[in-house]
>>> print(open('final30.csv').read())   # CSV, C-alpha atoms and all ligand atoms
chain,number,residue,atom,x,y,z
D,125,MET,CA,21.1,-44.5,23.7
D,126,GLU,CA,22.6,-43.8,20.4
D,127,LYS,CA,20.0,-43.1,17.8
D,128,SER,CA,20.6,-45.1,14.6
D,129,ARG,CA,19.2,-43.9,11.3
D,130,THR,CA,17.8,-47.4,10.7
D,131,ALA,CA,16.5,-47.9,14.2
D,132,VAL,CA,13.0,-48.5,12.8
D,133,ASN,CA,14.1,-51.4,10.7
D,134,TYR,CA,16.1,-53.1,13.5
D,135,ALA,CA,13.2,-52.8,15.9
D,136,GLN,CA,11.1,-55.0,13.7
D,137,ARG,CA,11.4,-58.8,13.2
D,138,PRO,CA,12.9,-59.8,9.9
D,139,ARG,CA,10.0,-60.2,7.6
D,140,ILE,CA,9.2,-62.1,4.4
D,141,GLY,CA,8.0,-60.0,1.4
D,142,VAL,CA,6.0,-61.3,-1.5
D,143,LEU,CA,6.1,-59.0,-4.4
D,144,LEU,CA,3.6,-59.6,-7.2
D,145,THR,CA,4.4,-57.9,-10.5
D,146,ASN,CA,2.5,-57.3,-13.7
D,147,LEU,CA,3.3,-55.5,-16.9
D,148,GLY,CA,1.9,-52.1,-16.1
D,149,THR,CA,-0.6,-49.8,-17.7
D,150,PRO,CA,-0.8,-46.0,-18.5
D,151,ASP,CA,-1.7,-43.6,-15.6
D,152,ALA,CA,-4.7,-42.4,-17.7
D,153,PRO,CA,-6.3,-43.2,-21.0
D,154,ASP,CA,-5.0,-40.1,-22.7
D,155,LYS,CA,-2.4,-39.6,-25.3
D,156,ALA,CA,0.3,-38.1,-23.0
D,157,ALA,CA,0.1,-40.8,-20.4
D,158,VAL,CA,0.0,-43.6,-23.0
D,159,LYS,CA,3.0,-42.1,-24.8
D,160,ARG,CA,5.0,-42.0,-21.5
D,161,TYR,CA,4.0,-45.6,-20.8
D,162,LEU,CA,4.8,-46.8,-24.3
D,163,LYS,CA,8.1,-45.0,-24.3
D,164,GLU,CA,9.3,-46.8,-21.2
D,165,PHE,CA,7.8,-50.2,-22.3
D,166,LEU,CA,9.0,-50.1,-25.9
D,167,SER,CA,12.5,-48.8,-25.0
D,168,ASP,CA,13.2,-52.1,-23.1
D,169,PRO,CA,15.6,-54.2,-25.2
D,170,ARG,CA,13.9,-57.3,-23.7
D,171,VAL,CA,10.7,-56.3,-25.5
D,172,VAL,CA,12.1,-55.0,-28.7
D,173,ASP,CA,15.6,-56.4,-29.1
D,174,LEU,CA,16.7,-54.6,-32.3
D,175,SER,CA,20.0,-52.7,-32.1
D,176,ARG,CA,19.4,-49.3,-30.5
D,177,TRP,CA,20.7,-47.4,-33.6
D,178,GLN,CA,18.0,-49.2,-35.6
D,179,TRP,CA,15.2,-49.0,-33.1
D,180,VAL,CA,15.5,-45.6,-31.4
D,181,PRO,CA,14.8,-43.6,-34.6
D,182,ILE,CA,11.8,-45.8,-35.4
D,183,LEU,CA,10.4,-45.6,-31.9
D,184,ASN,CA,10.9,-41.8,-31.5
D,185,GLY,CA,10.2,-40.9,-35.1
D,186,ILE,CA,7.3,-43.1,-36.0
D,187,ILE,CA,5.8,-45.3,-33.2
D,188,LEU,CA,5.6,-42.6,-30.5
D,189,ASN,CA,4.0,-40.2,-32.9
D,190,THR,CA,1.3,-42.5,-34.2
D,191,ARG,CA,0.5,-45.2,-31.7
D,192,PRO,CA,-0.3,-43.2,-28.5
D,193,ALA,CA,-3.4,-41.6,-29.9
D,194,LYS,CA,-4.7,-44.9,-31.3
D,195,SER,CA,-3.9,-46.8,-28.1
D,196,ALA,CA,-5.3,-44.1,-25.9
D,197,ALA,CA,-8.6,-44.4,-27.7
D,198,ALA,CA,-8.6,-48.2,-27.1
D,199,TYR,CA,-7.7,-47.7,-23.5
D,200,ALA,CA,-10.6,-45.3,-23.1
D,201,THR,CA,-13.0,-48.1,-24.0
D,202,VAL,CA,-11.8,-50.4,-21.2
D,203,TRP,CA,-11.1,-47.7,-18.5
D,204,THR,CA,-13.5,-47.7,-15.5
D,205,GLU,CA,-14.2,-45.3,-12.7
D,206,GLN,CA,-11.6,-47.1,-10.6
D,207,GLY,CA,-9.0,-47.0,-13.4
D,208,SER,CA,-7.3,-49.5,-15.7
D,209,PRO,CA,-8.6,-53.0,-15.5
D,210,LEU,CA,-5.1,-54.4,-15.2
D,211,MET,CA,-4.4,-52.2,-12.2
D,212,ILE,CA,-7.8,-53.0,-10.5
D,213,HIS,CA,-7.4,-56.8,-10.9
D,214,THR,CA,-3.7,-56.8,-9.8
D,215,GLN,CA,-4.7,-54.7,-6.7
D,216,ALA,CA,-7.6,-57.1,-5.9
D,217,GLN,CA,-5.3,-60.1,-6.3
D,218,THR,CA,-2.8,-58.5,-3.9
D,219,ASN,CA,-5.5,-57.7,-1.4
D,220,ALA,CA,-6.8,-61.2,-1.5
D,221,LEU,CA,-3.4,-62.8,-1.1
D,222,SER,CA,-2.4,-60.3,1.6
D,223,HIS,CA,-5.6,-61.4,3.5
D,224,ILE,CA,-4.8,-65.1,3.2
D,225,MET,CA,-1.2,-64.6,4.2
D,226,SER,CA,-2.0,-62.6,7.2
D,227,GLU,CA,-4.6,-65.1,8.4
D,228,ARG,CA,-2.1,-67.9,8.0
D,229,HIS,CA,1.2,-66.2,9.0
D,230,GLY,CA,0.3,-63.1,10.9
D,231,ASP,CA,2.5,-60.1,10.1
D,232,ASP,CA,5.5,-62.3,9.2
D,233,VAL,CA,4.6,-62.0,5.5
D,234,VAL,CA,3.8,-58.8,3.7
D,235,VAL,CA,2.3,-58.9,0.2
D,236,ASP,CA,2.5,-56.0,-2.2
D,237,PHE,CA,2.5,-55.4,-6.0
D,238,ALA,CA,4.4,-53.4,-8.5
D,239,MET,CA,4.4,-52.8,-12.2
D,240,ARG,CA,7.3,-53.4,-14.6
D,241,TYR,CA,6.5,-50.2,-16.5
D,242,GLY,CA,4.7,-47.2,-15.1
D,243,ASN,CA,3.3,-47.1,-11.6
D,244,PRO,CA,3.6,-48.3,-8.9
D,245,SER,CA,7.2,-48.8,-10.0
D,246,MET,CA,9.2,-51.8,-8.9
D,247,ALA,CA,11.9,-49.4,-7.6
D,248,SER,CA,9.4,-47.6,-5.3
D,249,VAL,CA,7.8,-50.8,-4.0
D,250,VAL,CA,11.0,-52.8,-3.5
D,251,GLU,CA,12.4,-49.8,-1.6
D,252,LYS,CA,9.2,-49.6,0.6
D,253,MET,CA,9.4,-53.3,1.4
D,254,LEU,CA,13.1,-53.3,2.3
D,255,ASP,CA,12.6,-50.2,4.4
D,256,ALA,CA,9.8,-52.0,6.2
D,257,GLY,CA,12.2,-54.7,7.3
D,258,VAL,CA,11.8,-57.3,4.6
D,259,GLU,CA,14.9,-59.5,4.6
D,260,LYS,CA,13.6,-62.3,2.5
D,261,LEU,CA,11.9,-61.4,-0.8
D,262,LEU,CA,9.9,-63.6,-3.1
D,263,VAL,CA,9.0,-62.1,-6.5
D,264,LEU,CA,6.2,-63.5,-8.5
D,265,PRO,CA,5.7,-62.0,-11.9
D,266,LEU,CA,2.1,-62.8,-12.9
D,267,PHE,CA,3.0,-64.3,-16.2
D,268,PRO,CA,2.4,-68.1,-16.2
D,269,GLN,CA,4.5,-68.7,-19.4
D,270,TYR,CA,8.1,-67.5,-19.4
D,271,SER,CA,9.1,-64.9,-21.9
D,272,GLY,CA,12.2,-62.7,-21.8
D,273,ALA,CA,9.9,-59.8,-22.7
D,274,THR,CA,8.0,-60.2,-19.5
D,275,VAL,CA,9.6,-62.4,-16.8
D,276,GLY,CA,13.2,-61.8,-18.0
D,277,SER,CA,12.6,-58.1,-18.1
D,278,THR,CA,11.1,-58.2,-14.5
D,279,SER,CA,14.3,-59.9,-13.3
D,280,ASP,CA,16.4,-57.2,-15.0
D,281,ALA,CA,14.3,-54.5,-13.2
D,282,LEU,CA,14.6,-56.2,-9.9
D,283,ASN,CA,18.4,-56.3,-10.2
D,284,ASP,CA,18.4,-52.6,-11.1
D,285,CYS,CA,16.4,-51.9,-7.9
D,286,LEU,CA,18.9,-53.7,-5.8
D,287,GLU,CA,22.2,-52.7,-7.4
D,288,SER,CA,22.5,-49.4,-5.6
D,289,ARG,CA,21.7,-50.7,-2.1
D,290,ARG,CA,24.4,-51.5,0.4
D,291,SER,CA,22.6,-54.7,1.6
D,292,MET,CA,20.7,-57.3,-0.4
D,293,PRO,CA,17.7,-59.4,0.8
D,294,ASN,CA,17.6,-63.1,0.3
D,295,LEU,CA,15.9,-63.5,-3.0
D,296,ARG,CA,13.6,-66.0,-4.7
D,297,PHE,CA,12.0,-65.5,-8.1
D,298,ILE,CA,9.3,-67.5,-9.8
D,299,SER,CA,10.1,-67.7,-13.6
D,300,GLY,CA,6.8,-69.2,-14.5
D,301,TYR,CA,4.0,-71.6,-13.6
D,302,HIS,CA,2.6,-72.6,-16.9
D,303,ASP,CA,2.0,-76.2,-15.8
D,304,ASN,CA,1.1,-75.6,-12.2
D,305,GLU,CA,-1.6,-78.0,-11.2
D,306,ASP,CA,-3.8,-75.5,-9.4
D,307,TYR,CA,-3.5,-72.9,-12.1
D,308,ILE,CA,-4.5,-75.5,-14.7
D,309,ALA,CA,-7.4,-76.7,-12.6
D,310,ALA,CA,-8.6,-73.1,-12.1
D,311,LEU,CA,-8.5,-72.5,-15.9
D,312,ALA,CA,-10.5,-75.7,-16.5
D,313,LEU,CA,-13.0,-74.8,-13.9
D,314,SER,CA,-13.6,-71.4,-15.3
D,315,ILE,CA,-14.2,-72.9,-18.8
D,316,LYS,CA,-16.7,-75.4,-17.2
D,317,ARG,CA,-18.5,-72.7,-15.4
D,318,TYR,CA,-18.7,-70.5,-18.5
D,319,GLN,CA,-20.0,-73.4,-20.6
D,320,ALA,CA,-22.6,-74.4,-18.0
D,321,GLU,CA,-24.1,-70.9,-18.5
D,322,HIS,CA,-23.4,-70.3,-22.2
D,323,GLY,CA,-23.3,-73.8,-23.8
D,324,VAL,CA,-20.4,-75.6,-25.6
D,325,PRO,CA,-19.1,-74.0,-28.8
D,326,LYS,CA,-17.7,-75.7,-31.9
D,327,LYS,CA,-14.3,-74.6,-30.9
D,328,LEU,CA,-12.6,-73.4,-27.8
D,329,VAL,CA,-9.8,-71.0,-28.7
D,330,PHE,CA,-6.8,-70.6,-26.4
D,331,SER,CA,-5.3,-67.2,-27.2
D,332,TYR,CA,-1.9,-66.2,-25.9
D,333,HIS,CA,0.0,-62.9,-26.3
D,334,GLY,CA,2.5,-63.3,-29.2
D,335,VAL,CA,6.2,-62.7,-29.3
D,336,PRO,CA,8.4,-62.5,-32.4
D,337,GLN,CA,9.0,-66.1,-33.7
D,338,ARG,CA,12.8,-65.4,-33.6
D,339,TYR,CA,12.7,-65.1,-29.8
D,340,CYS,CA,11.6,-68.7,-29.6
D,341,ASP,CA,13.9,-69.8,-32.4
D,342,GLU,CA,16.7,-68.4,-30.3
D,343,GLY,CA,15.7,-70.5,-27.3
D,344,GLU,CA,12.9,-68.8,-25.4
D,345,PRO,CA,10.5,-71.6,-24.1
D,346,TYR,CA,7.4,-69.4,-24.4
D,347,GLU,CA,5.8,-71.0,-27.4
D,348,GLN,CA,6.2,-74.6,-26.0
D,349,GLN,CA,4.9,-73.5,-22.6
D,350,CYS,CA,1.8,-71.9,-24.1
D,351,HIS,CA,1.1,-75.2,-26.0
D,352,ARG,CA,1.7,-77.2,-22.8
D,353,THR,CA,-0.7,-75.0,-20.8
D,354,THR,CA,-3.4,-75.6,-23.5
D,355,GLN,CA,-2.7,-79.4,-23.5
D,356,LEU,CA,-2.9,-79.7,-19.7
D,357,VAL,CA,-6.3,-77.9,-19.6
D,358,VAL,CA,-7.6,-79.9,-22.6
D,359,ASP,CA,-6.5,-83.2,-20.9
D,360,LEU,CA,-8.3,-82.2,-17.7
D,361,LEU,CA,-11.5,-81.3,-19.6
D,362,GLY,CA,-11.2,-84.4,-21.9
D,363,LEU,CA,-11.6,-82.4,-25.1
D,364,THR,CA,-11.2,-83.9,-28.5
D,365,GLU,CA,-8.5,-82.8,-31.0
D,366,ASP,CA,-10.9,-80.9,-33.3
D,367,SER,CA,-12.7,-79.0,-30.5
D,368,TYR,CA,-9.9,-76.6,-29.5
D,369,MET,CA,-6.9,-74.7,-30.9
D,370,THR,CA,-4.1,-72.4,-29.7
D,371,VAL,CA,-3.5,-69.0,-31.3
D,372,PHE,CA,-1.3,-65.9,-30.7
D,373,GLN,CA,-2.6,-62.4,-30.5
D,374,SER,CA,-1.3,-58.8,-30.3
D,375,ARG,CA,1.2,-58.8,-33.2
D,376,PHE,CA,3.4,-55.7,-33.3
D,377,GLY,CA,5.6,-54.6,-36.2
D,378,ARG,CA,6.6,-56.3,-39.5
D,379,GLU,CA,8.5,-59.3,-38.2
D,380,GLU,CA,7.1,-62.8,-38.2
D,381,TRP,CA,5.4,-63.5,-34.8
D,382,LEU,CA,4.2,-66.8,-33.4
D,383,ARG,CA,1.5,-68.4,-35.5
D,384,PRO,CA,-1.3,-69.0,-36.0
D,385,TYR,CA,-2.4,-65.4,-35.6
D,386,ALA,CA,-5.6,-64.9,-33.6
D,387,ASP,CA,-7.2,-62.4,-36.0
D,388,GLU,CA,-6.5,-64.4,-39.2
D,389,THR,CA,-7.7,-67.6,-37.6
D,390,LEU,CA,-10.9,-66.1,-36.3
D,391,ALA,CA,-11.5,-64.6,-39.8
D,392,ASP,CA,-11.0,-68.0,-41.4
D,393,LEU,CA,-12.9,-70.3,-39.0
D,394,PRO,CA,-16.5,-69.6,-40.2
D,395,SER,CA,-15.5,-70.6,-43.7
D,396,GLN,CA,-14.4,-74.0,-42.3
D,397,GLY,CA,-17.9,-74.5,-40.7
D,398,VAL,CA,-16.9,-73.2,-37.3
D,399,ASP,CA,-19.6,-70.6,-36.6
D,400,SER,CA,-19.4,-70.7,-32.8
D,401,VAL,CA,-16.3,-70.2,-30.7
D,402,GLN,CA,-15.3,-69.3,-27.1
D,403,VAL,CA,-12.0,-67.6,-26.4
D,404,ILE,CA,-9.9,-67.9,-23.3
D,405,CYS,CA,-6.6,-66.1,-22.6
D,406,PRO,CA,-4.6,-68.3,-20.2
D,407,GLY,CA,-1.4,-66.2,-20.5
D,408,PHE,CA,-3.0,-63.2,-18.9
D,409,SER,CA,-3.6,-63.4,-15.1
D,410,SER,CA,-5.8,-60.3,-15.3
D,411,ASP,CA,-8.1,-58.9,-17.9
D,412,CYS,CA,-6.6,-55.9,-19.6
D,413,LEU,CA,-6.6,-54.0,-22.8
D,414,GLU,CA,-5.4,-57.0,-24.7
D,415,THR,CA,-8.1,-59.3,-23.5
D,416,ILE,CA,-11.1,-57.0,-23.1
D,417,GLU,CA,-10.7,-54.8,-26.1
D,418,GLU,CA,-8.6,-57.0,-28.5
D,419,MET,CA,-10.1,-60.4,-27.9
D,420,GLY,CA,-13.4,-59.4,-26.4
D,421,GLU,CA,-14.3,-56.7,-28.9
D,422,GLU,CA,-12.0,-56.4,-31.9
D,423,ASN,CA,-11.6,-60.1,-32.8
D,424,ARG,CA,-15.3,-60.7,-32.0
D,425,GLU,CA,-16.1,-58.3,-34.8
D,426,VAL,CA,-13.6,-60.0,-37.1
D,427,PHE,CA,-15.3,-63.4,-36.4
D,428,ILE,CA,-18.9,-62.1,-36.8
D,429,ASP,CA,-18.0,-60.0,-40.0
D,430,ASN,CA,-16.7,-63.2,-41.5
D,431,GLY,CA,-19.8,-65.2,-40.9
D,432,GLY,CA,-19.5,-66.4,-37.3
D,433,THR,CA,-22.7,-66.4,-35.3
D,434,SER,CA,-21.7,-67.0,-31.7
D,435,TYR,CA,-18.5,-65.6,-30.0
D,436,GLY,CA,-18.0,-66.0,-26.3
D,437,PHE,CA,-15.2,-64.5,-24.3
D,438,ILE,CA,-14.2,-66.2,-21.1
D,439,PRO,CA,-12.8,-63.7,-18.6
D,440,CYS,CA,-9.4,-64.1,-17.1
D,441,LEU,CA,-9.0,-65.7,-13.7
D,442,ASN,CA,-8.5,-62.2,-12.2
D,443,SER,CA,-9.1,-62.2,-8.4
D,444,GLY,CA,-11.4,-65.3,-8.5
D,445,GLN,CA,-11.2,-67.6,-5.5
D,446,ASP,CA,-9.6,-70.5,-7.3
D,447,HIS,CA,-7.0,-68.3,-8.9
D,448,VAL,CA,-6.0,-66.6,-5.6
D,449,ALA,CA,-5.9,-70.1,-3.9
D,450,ALA,CA,-3.6,-71.3,-6.7
D,451,LEU,CA,-1.3,-68.3,-6.3
D,452,ALA,CA,-1.3,-68.7,-2.5
D,453,HIS,CA,-0.3,-72.4,-2.9
D,454,LEU,CA,2.4,-71.5,-5.4
D,455,ILE,CA,3.8,-68.8,-3.1
D,456,GLU,CA,3.7,-71.0,0.0
D,457,ASP,CA,5.6,-73.8,-1.8
D,458,GLN,CA,8.3,-71.2,-2.7
D,459,LEU,CA,8.4,-69.9,0.9
D,460,ALA,CA,9.5,-73.4,2.2
D,461,GLY,CA,12.2,-73.0,4.7
D,462,TRP,CA,11.5,-69.3,5.1
D,463,LEU,CA,8.3,-69.5,7.1
D,501,LIG,C1,6.5,-54.7,-29.1
D,501,LIG,C2,6.5,-55.9,-28.7
D,501,LIG,C3,5.7,-56.5,-27.6
D,501,LIG,C4,6.1,-57.7,-27.1
D,501,LIG,C5,7.2,-58.6,-27.4
D,501,LIG,C6,5.1,-58.0,-26.1
D,501,LIG,C7,5.0,-59.1,-25.3
D,501,LIG,C8,4.1,-59.4,-24.3
D,501,LIG,N1,3.1,-58.5,-23.7
D,501,LIG,C9,2.4,-59.2,-22.8
D,501,LIG,C10,1.3,-58.7,-22.1
D,501,LIG,C11,0.7,-57.4,-22.3
D,501,LIG,N2,1.0,-56.6,-23.3
D,501,LIG,C12,0.1,-55.5,-23.2
D,501,LIG,C13,0.1,-54.4,-24.0
D,501,LIG,C14,1.0,-54.1,-25.0
D,501,LIG,N3,2.0,-55.0,-25.6
D,501,LIG,C15,2.7,-54.3,-26.6
D,501,LIG,C16,3.8,-54.8,-27.3
D,501,LIG,C17,4.5,-56.0,-27.0
D,501,LIG,N4,4.2,-56.9,-26.0
D,501,LIG,C18,2.2,-53.0,-26.7
D,501,LIG,C19,2.6,-51.9,-27.6
D,501,LIG,C20,1.1,-52.9,-25.7
D,501,LIG,C21,0.3,-51.6,-25.4
D,501,LIG,C22,-1.0,-51.5,-25.9
D,501,LIG,C23,-0.9,-51.1,-27.4
D,501,LIG,O1,-0.5,-50.1,-27.7
D,501,LIG,O2,-1.3,-52.0,-28.2
D,501,LIG,C24,-0.7,-55.7,-22.0
D,501,LIG,C25,-1.9,-54.8,-21.6
D,501,LIG,C26,-1.5,-53.6,-20.7
D,501,LIG,C27,-2.7,-52.9,-20.2
D,501,LIG,O3,-2.5,-51.7,-19.8
D,501,LIG,O4,-3.9,-53.3,-20.2
D,501,LIG,C28,-0.4,-56.9,-21.5
D,501,LIG,C29,-0.9,-57.5,-20.2
D,501,LIG,C30,2.9,-60.5,-22.7
D,501,LIG,C31,2.4,-61.6,-21.8
D,501,LIG,C32,4.0,-60.6,-23.6
D,501,LIG,C33,4.9,-61.8,-23.9
D,501,LIG,C34,4.6,-63.0,-23.6
D,502,FE,FE,2.3,-56.9,-24.9
D,503,FE,FE,-3.4,-55.2,-28.6
>>> encode(input="final30.csv", output="C-alpha cells", more="lines below")
Ligand SMILES: C=CC1=C(C)c2cc3[nH]c(cc4nc(cc5[nH]c(cc1n2)c(C)c5CCC(=O)O)C(CCC(=O)O)=C4C)c(C)c3C=C
Ligand SMILES: [Fe+2]
Ligand SMILES: [Fe+2]
Amino acid sequence: MEKSRTAVNYAQRPRIGVLLTNLGTPDAPDKAAVKRYLKEFLSDPRVVDLSRWQWVPILNGIILNTRPAKSAAAYATVWTEQGSPLMIHTQAQTNALSHIMSERHGDDVVVDFAMRYGNPSMASVVEKMLDAGVEKLLVLPLFPQYSGATVGSTSDALNDCLESRRSMPNLRFISGYHDNEDYIAALALSIKRYQAEHGVPKKLVFSYHGVPQRYCDEGEPYEQQCHRTTQLVVDLLGLTEDSYMTVFQSRFGREEWLRPYADETLADLPSQGVDSVQVICPGFSSDCLETIEEMGEENREVFIDNGGTSYGFIPCLNSGQDHVAALAHLIEDQLAGWL
C-alpha cells in the first residue's frame, strides 16, 4: 500500500479540539526572560496601538531597559516551585476540562491550552492539535470581557497560525462571556464563601485590568462589559448601591486609562469612612502577577497606609469546581452541532 506522509492523521477519526488561551507569562522570574516576554507582548499593536515609528524607540530605548528588572522582582514574589501562577492555574483548568470532556465525550474532544505571548505558543499548540487530527477547533480565550488587547489579539495570532497551512479546520471562537449565567453565579458564590469566613466589608471592590480610555472611546465594549459583569454579580447578591464599586488597575504609560483607578481609589476610601474592603478581580480567570502582587499586596499597602484597617483579597476562580463547570457548559454550548 502506498505510504502517505499524513497516514497517521487519516487513520484517526476527525476530532474536535478545544483550545484554551491566556495571556502568557515569562519563562522565569529573571530579567532576561521578562525582557523577552515584555518585548513580544508590548510589540503587539493590539496592546499598544501607537504608530510604530513613535512606539518602537520608546519600547526599545526606555521600557525594555527599565521595566524588566522591576517586573522580574515583582514576578519573583509570586513565583512558586511549580512556576508562574498564571501557568499553573491555566494548566489545572485545562486538566480539569480535559477530564470532564473525556468522561462525557470519550476521545472525540481534545482539550489543550496555549499562551498568546511566550510559551506554550499558540503556533506550537495549534500545530500539535491539527497534526493530531483535529478538524473542528473551538478557541476559548480566558478573558470574560472583550478587549482588542486580549481577545482581539488572540484572534490575530490564531489567523497567523493558520495562514501558512494548506488546509483549515472548521473554526469557532468565543469573544467573551462577561454576562454568562454560570460564570456570574460562580463569582457570586466565591464572594459568599469568602464572606462566610471573613465577614462583610464596608465595600466590595470589583477590580478589572485597565485599558487606555481611548480604546473604549473608539468602540471597544470592554468598559461596558466590566460594569455589566459587576452589575450582574451585585444583582445576584442583592447588594446596595453604596456597598460596592468598580475600579480599573494596572495602568501603563502616560495616557488616560479607564477610571476610577484602583490605587487612587483605595488610597482615598479610608478618608471617606470606608476602612474595610474586599477586592475581587472578575476579569482575570486565573490569579497572576496582576492579582496576587498588585491587588493582593501593593494596593493592600496603599489602603492600609492611608488609614484602612481591613483589606481582604478574594482569589480568582482559578480551577475551582464552579468555574470549571461554567467553562465546560460554555464550551459545550459552543460545540452544538459538532458533537
Ligand atoms: C501596555 C498596555 C497593556 C494593556 C493594554 C494591557 C491589557 C490587558 N492585560 C490583561 C491581563 C494581564 N496583563 C498582565 C500583565 C501585564 N500587562 C501589561 C500591560 C498591558 N496590559 C504589562 C506590561 C504586564 C506585565 C507585567 C508588568 O510588567 O507589569 C497579566 C499578568 C501576566 C502574568 O504573567 O502573571 C495579565 C493576566 C488584560 C485582561 C488586559 C485588557 C483587558
Ligand atoms: Fe496587562
Ligand atoms: Fe501590574
>>> closest_atom_pairs(input="final30.csv", of="chain D", to="ligand FE 503 (chain D)", cutoff="10 Å", atoms="only C-alpha atoms and all ligand atoms", output="Markdown table")
| residue | atom | partner | partner_atom | distance |
| --- | --- | --- | --- | --- |
| D:Ser195 | CA | D:FE503 | FE | 8.4 |
| D:Ala198 | CA | D:FE503 | FE | 8.8 |
| D:His333 | CA | D:FE503 | FE | 8.7 |
| D:Gln373 | CA | D:FE503 | FE | 7.5 |
| D:Ser374 | CA | D:FE503 | FE | 4.5 |
| D:Arg375 | CA | D:FE503 | FE | 7.4 |
| D:Phe376 | CA | D:FE503 | FE | 8.3 |
| D:Cys412 | CA | D:FE503 | FE | 9.6 |
| D:Leu413 | CA | D:FE503 | FE | 6.7 |
| D:Glu414 | CA | D:FE503 | FE | 4.7 |
| D:Thr415 | CA | D:FE503 | FE | 8.1 |
| D:Ile416 | CA | D:FE503 | FE | 9.6 |
| D:Glu417 | CA | D:FE503 | FE | 7.7 |
| D:Glu418 | CA | D:FE503 | FE | 5.5 |
| D:Met419 | CA | D:FE503 | FE | 8.5 |
| D:Glu422 | CA | D:FE503 | FE | 9.3 |
>>> closest_atom_pairs(input="final30.csv", of="stretch 243-275 of chain D", to="stretch 390-408 of chain D", cutoff="7 Å", atoms="only C-alpha atoms", output="CSV")
residue,atom,partner,partner_atom,distance
D:Phe267,CA,D:Gly407,CA,6.4
D:Pro268,CA,D:Gly407,CA,6.0
D:Gln269,CA,D:Gly407,CA,6.5
>>> residues_around(input="final30.csv", residues="D:Ile212", least_positions_apart="3", cutoff="10 Å", atoms="only C-alpha atoms", output="list in words")
Thr204, Gln206, Gly207, Ser208, Pro209, Gln215, Ala216, Gln217, Thr218, Ser410, Asp411, Cys412, Asn442 and Ser443 of chain D
>>> residues_around(input="final30.csv", residues="D:Ser279", least_positions_apart="6", cutoff="10 Å", atoms="only C-alpha atoms", output="PyMOL selection string")
chain D and resi 240+263+265+272+285+297-299
>>> atom_distance(input="final30.csv", atom1="atom CA of D:Ala273", atom2="atom CA of D:Arg378")
17.5 Å
>>> residues_around(input="final30.csv", residues="stretch 335-341 of chain D", least_positions_apart="5", cutoff="6 Å", atoms="only C-alpha atoms", output="list in words")
Glu380, Trp381 and Leu382 of chain D
>>> atom_distance(input="final30.csv", atom1="atom CA of D:Ala197", atom2="atom CA of D:Ser245")
24.1 Å
>>> closest_residue(input="final30.csv", among="D:Ser248, D:Thr274, D:Ser409, D:Ser175", to="D:Tyr346", atoms="all atoms listed in the file")
D:Thr274
>>> atom_distance(input="final30.csv", atom1="atom CA of D:Ile438", atom2="atom C6 of ligand LIG 501 (chain D)")
21.6 Å
>>> closest_residue(input="final30.csv", among="D:Leu210, D:Val357, D:Ala200, D:Leu174", to="ligand LIG 501 (chain D)", atoms="only C-alpha atoms and all ligand atoms")
D:Leu210
>>> closest_residue(input="final30.csv", among="D:Ser271, D:Asn219, D:Gln355, D:Thr145", to="ligand FE 502 (chain D)", atoms="all atoms listed in the file")
D:Ser271
>>> closest_residue(input="final30.csv", among="D:Arg289, D:Arg139, D:His453, D:Arg352", to="D:Lys260", atoms="all atoms listed in the file")
D:Arg139
>>> residues_around(input="final30.csv", residues="D:Ala310", least_positions_apart="2", cutoff="12 Å", atoms="only C-alpha atoms", output="ChimeraX atom specification")
/D:303-308,312-317,353,356-357,360-361,406,409,440-451
>>> axis_aligned_box(input="final30.csv", around="stretch 370-373 of chain D", padding_each_side="4 Å", output="AutoDock Vina command-line options")
--center_x -2.7 --center_y -67.4 --center_z -30.5 --size_x 10.8 --size_y 18.0 --size_z 9.6
>>> residues_around(input="final30.csv", residues="D:Arg160", least_positions_apart="4", cutoff="10 Å", atoms="all atoms listed in the file", output="count of residues only")
10
>>> residues_near_point(input="final30.csv", point="(-5.8, -63.4, -31.7)", cutoff="7 Å", atoms="only C-alpha atoms", output="list in words")
Ser331, Val371, Phe372, Gln373, Ser374, Tyr385, Ala386, Asp387, Met419 and Asn423 of chain D
